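Participant: The structure follows.
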Amino acid sequence: MSLAVASFSLSTAARWAFLFLACSASLPVIYAQVDTFEFQTEEQQQRFRQLSDELRCPMCQNTNLTGSSGGVAEDLRREIHRMIMEGMTNEEIEQFMFERYGDFIFYKPRLRMETLFLWFGPLIFLVIGGAAAFVISRRAQQKERKASELDDAQREKLQALLKAQG
Amino acid sequence: MGRLAFFLPVSGFIVLALLLWRGLFLDPKELPSMLIDKPMPEFQLPTVDGDTISNANLPDQIFLLNVWGSYCLPCLVEHPTFMRLSEEGEIPVIGVNYKDQSELARSWLETNGNPFAFSIEDSNGRFGIDLGVYGAPETYLVDSEGVIRYRHVSVLDERVWAEEFLPAIAELRAEDI
């Protein structure tokens, strides 16, 4: 019995050790892509992370710069790092990207004439759909009310029936 | 009123269906270029042959700027078209050797033939960023003033040349006169 317990705890310990090793071995690999750049302050690194998370890789359609291994994404990360180190603000860096790659580079496109429909199109559809639903439900209500009302002939008949009943 | 209530949603549905149907055949890889009607970005770079060049070395007539690399298979597909264009002297073609190594680029040109007046060497892709390039092959049509007028992403074969570039060039030449 005690032997069984000992072997159980031994294998659990081994399993935990393996898990720990696996995690500690794979973690640095996951973040290696981001951490190859050197920064002077925590804030610069933070901004780098934020910008490469929020900018889209132009080549790979639906990956941000952080997650993409595409050649262009690599170059753009390098450019973001350079611009941060040169002291440019986030707005200036975003403008740099916009001038070259347009609205596509932003996951959250800027509010401009060209992007108005993108921003407010869903709202227009919601208003149209809401109005249609409102009109339909009101009409149905009116119809129901009309159906439950009696016309003059029916009312006379009802009176007659009631009288006959006593 | 009854007719309107029927036709409005139906026509709305048809319009939406047509839009979405068309959307099925759009190429999501073809992004609009921000550089249309803007001058070529400033550059001073080596060619793959080692000469240093800048904007001043660009032709003062309408020309093509083709982004290529020795690693790029689609570039081999469009290569015969550029060979024909340069052999027949139809239009000068300038290359941008994008994120490549100059030895590989030179041997690629030796093996397959060189249609380019010269190839700008953009080994780290920095010039490509200024052009808004996101991968080879891409081809730009530049007018005699050095202003970018048209961009085609991916392979430029004879069909694309006839259907997209010839009309665009004819329009530019008409402007110049």
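As shown in the structure tokens, the chain order sets the letters A, B, ...; within each chain, residues go from 1, and ligands are also counted from 1 in the order they appear.
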Mind dumping a table of every chain A residue within 7 Å of chain B, with the nearest atom pair and its distance in Å to one decimal, using only C-alpha atoms, sorted by chain and rising number, as JSON lines?
Facilitator:
{"residue": "A:Pro58", "atom": "CA", "partner": "B:Tyr134", "partner_atom": "CA", "distance": 6.1}
{"residue": "A:Met59", "atom": "CA", "partner": "B:Tyr134", "partner_atom": "CA", "distance": 5.4}
{"residue": "A:Val72", "atom": "CA", "partner": "B:Tyr134", "partner_atom": "CA", "distance": 5.7}
{"residue": "A:Asp75", "atom": "CA", "partner": "B:Gly125", "partner_atom": "CA", "distance": 6.6}
{"residue": "A:Glu99", "atom": "CA", "partner": "B:Met34", "partner_atom": "CA", "distance": 6.3}
{"residue": "A:Arg100", "atom": "CA", "partner": "B:Gly132", "partner_atom": "CA", "distance": 4.7}
{"residue": "A:Tyr101", "atom": "CA", "partner": "B:Gly132", "partner_atom": "CA", "distance": 5.5}
{"residue": "A:Gly102", "atom": "CA", "partner": "B:Met34", "partner_atom": "CA", "distance": 5.8}
Participant: As a PyMOL selection string, please: every residue in chain B that DSSP puts in strand (DSSP E or B).
Facilitator: chain B and resi 39+44-47+52-54+63-68+93-98+119-122+138-142+147-153
Participant: Export, as a compact mmCIF listing (two decimals), in the first residue's frame, the selected residues with N, CA and C atoms.
Facilitator:
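Result written to selection_18.txt:
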# COMPACT_ATOMS: atom_id res chain seq x y z
N PRO B 39 4.87 61.49 -56.09
CA PRO B 39 6.18 61.27 -56.71
C PRO B 39 6.87 60.04 -56.13
N GLN B 44 18.65 56.80 -52.49
CA GLN B 44 20.02 56.76 -52.97
C GLN B 44 20.56 55.40 -52.55
N LEU B 45 20.63 54.48 -53.52
CA LEU B 45 20.92 53.08 -53.22
C LEU B 45 21.85 52.52 -54.29
N PRO B 46 22.51 51.39 -53.96
CA PRO B 46 23.31 50.72 -54.99
C PRO B 46 22.41 49.94 -55.93
N THR B 47 22.93 49.64 -57.13
CA THR B 47 22.26 48.68 -57.99
C THR B 47 22.83 47.32 -57.66
N THR B 52 26.10 53.34 -57.61
CA THR B 52 25.18 54.08 -56.74
C THR B 52 24.27 54.94 -57.61
N ILE B 53 22.98 54.86 -57.31
CA ILE B 53 22.01 55.62 -58.11
C ILE B 53 21.02 56.32 -57.19
N SER B 54 20.31 57.31 -57.77
CA SER B 54 19.28 58.03 -57.02
C SER B 54 18.16 58.39 -57.99
N PHE B 63 7.93 54.87 -67.49
CA PHE B 63 8.64 53.60 -67.32
C PHE B 63 7.93 52.71 -66.30
N LEU B 64 8.36 51.43 -66.28
CA LEU B 64 7.83 50.47 -65.31
C LEU B 64 8.85 50.26 -64.20
N LEU B 65 8.35 50.11 -62.99
CA LEU B 65 9.20 49.78 -61.85
C LEU B 65 8.72 48.43 -61.33
N ASN B 66 9.56 47.41 -61.51
CA ASN B 66 9.14 46.05 -61.16
C ASN B 66 9.88 45.56 -59.93
N VAL B 67 9.11 45.19 -58.90
CA VAL B 67 9.69 44.68 -57.66
C VAL B 67 9.86 43.17 -57.80
N TRP B 68 11.11 42.69 -57.69
CA TRP B 68 11.36 41.26 -57.92
C TRP B 68 12.40 40.75 -56.92
N VAL B 93 12.21 49.34 -68.32
CA VAL B 93 11.83 48.66 -67.09
C VAL B 93 12.97 48.79 -66.08
N ILE B 94 12.65 49.33 -64.92
CA ILE B 94 13.62 49.43 -63.83
C ILE B 94 13.24 48.37 -62.80
N GLY B 95 14.23 47.65 -62.28
CA GLY B 95 13.95 46.64 -61.27
C GLY B 95 14.18 47.17 -59.87
N VAL B 96 13.42 46.63 -58.92
CA VAL B 96 13.74 46.82 -57.51
C VAL B 96 13.99 45.42 -56.96
N ASN B 97 15.25 45.13 -56.66
CA ASN B 97 15.59 43.80 -56.14
C ASN B 97 15.29 43.81 -54.64
N TYR B 98 14.11 43.25 -54.31
CA TYR B 98 13.52 43.45 -52.98
C TYR B 98 13.94 42.35 -52.02
N SER B 119 18.78 47.43 -61.71
CA SER B 119 17.96 46.96 -60.60
C SER B 119 18.44 47.61 -59.31
N ILE B 120 17.54 48.37 -58.68
CA ILE B 120 17.86 49.01 -57.41
C ILE B 120 17.92 47.93 -56.34
N GLU B 121 19.02 47.93 -55.58
CA GLU B 121 19.17 46.88 -54.57
C GLU B 121 18.58 47.35 -53.25
N ASP B 122 17.47 46.71 -52.86
CA ASP B 122 16.80 47.06 -51.60
C ASP B 122 16.92 45.86 -50.67
N GLU B 138 5.49 43.12 -57.64
CA GLU B 138 4.59 44.26 -57.80
C GLU B 138 5.17 45.12 -58.92
N THR B 139 4.29 45.79 -59.66
CA THR B 139 4.79 46.64 -60.74
C THR B 139 4.10 48.00 -60.71
N TYR B 140 4.91 49.04 -60.80
CA TYR B 140 4.40 50.41 -60.79
C TYR B 140 4.61 51.03 -62.15
N LEU B 141 3.65 51.85 -62.55
CA LEU B 141 3.78 52.63 -63.78
C LEU B 141 4.08 54.07 -63.35
N VAL B 142 5.24 54.59 -63.81
CA VAL B 142 5.68 55.91 -63.40
C VAL B 142 5.70 56.81 -64.63
N VAL B 147 6.15 60.63 -61.38
CA VAL B 147 5.00 60.45 -60.49
C VAL B 147 4.41 59.05 -60.73
N ILE B 148 4.13 58.35 -59.63
CA ILE B 148 3.55 57.00 -59.74
C ILE B 148 2.09 57.13 -60.15
N ARG B 149 1.70 56.39 -61.21
CA ARG B 149 0.34 56.55 -61.73
C ARG B 149 -0.50 55.29 -61.60
N TYR B 150 0.15 54.14 -61.47
CA TYR B 150 -0.63 52.90 -61.45
C TYR B 150 0.20 51.85 -60.74
N ARG B 151 -0.50 50.95 -60.02
CA ARG B 151 0.21 49.84 -59.42
C ARG B 151 -0.52 48.54 -59.69
N HIS B 152 0.25 47.51 -60.02
CA HIS B 152 -0.32 46.17 -60.17
C HIS B 152 0.38 45.23 -59.20
N VAL B 153 -0.41 44.54 -58.37
CA VAL B 153 0.14 43.58 -57.42
C VAL B 153 0.06 42.19 -58.04
Participant: Between CA of Arg139 (chain A) and CA of Phe7 (chain B), what distance in Å does the model show, to one decimal?
Facilitator: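 So the two atoms, CA of Arg139 (chain A) and CA of Phe7 (chain B), lie 17.7 Å apart.
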Participant: Would you please extract all alpha helix (DSSP H) residues from region 13-177 of chain B, as assigned by DSSP on the backbone, and give them as a VMD selection string?
Facilitator: chain B and resid 13 to 24 73 to 87 102 to 112 126 to 131 158 to 160 166 to 176
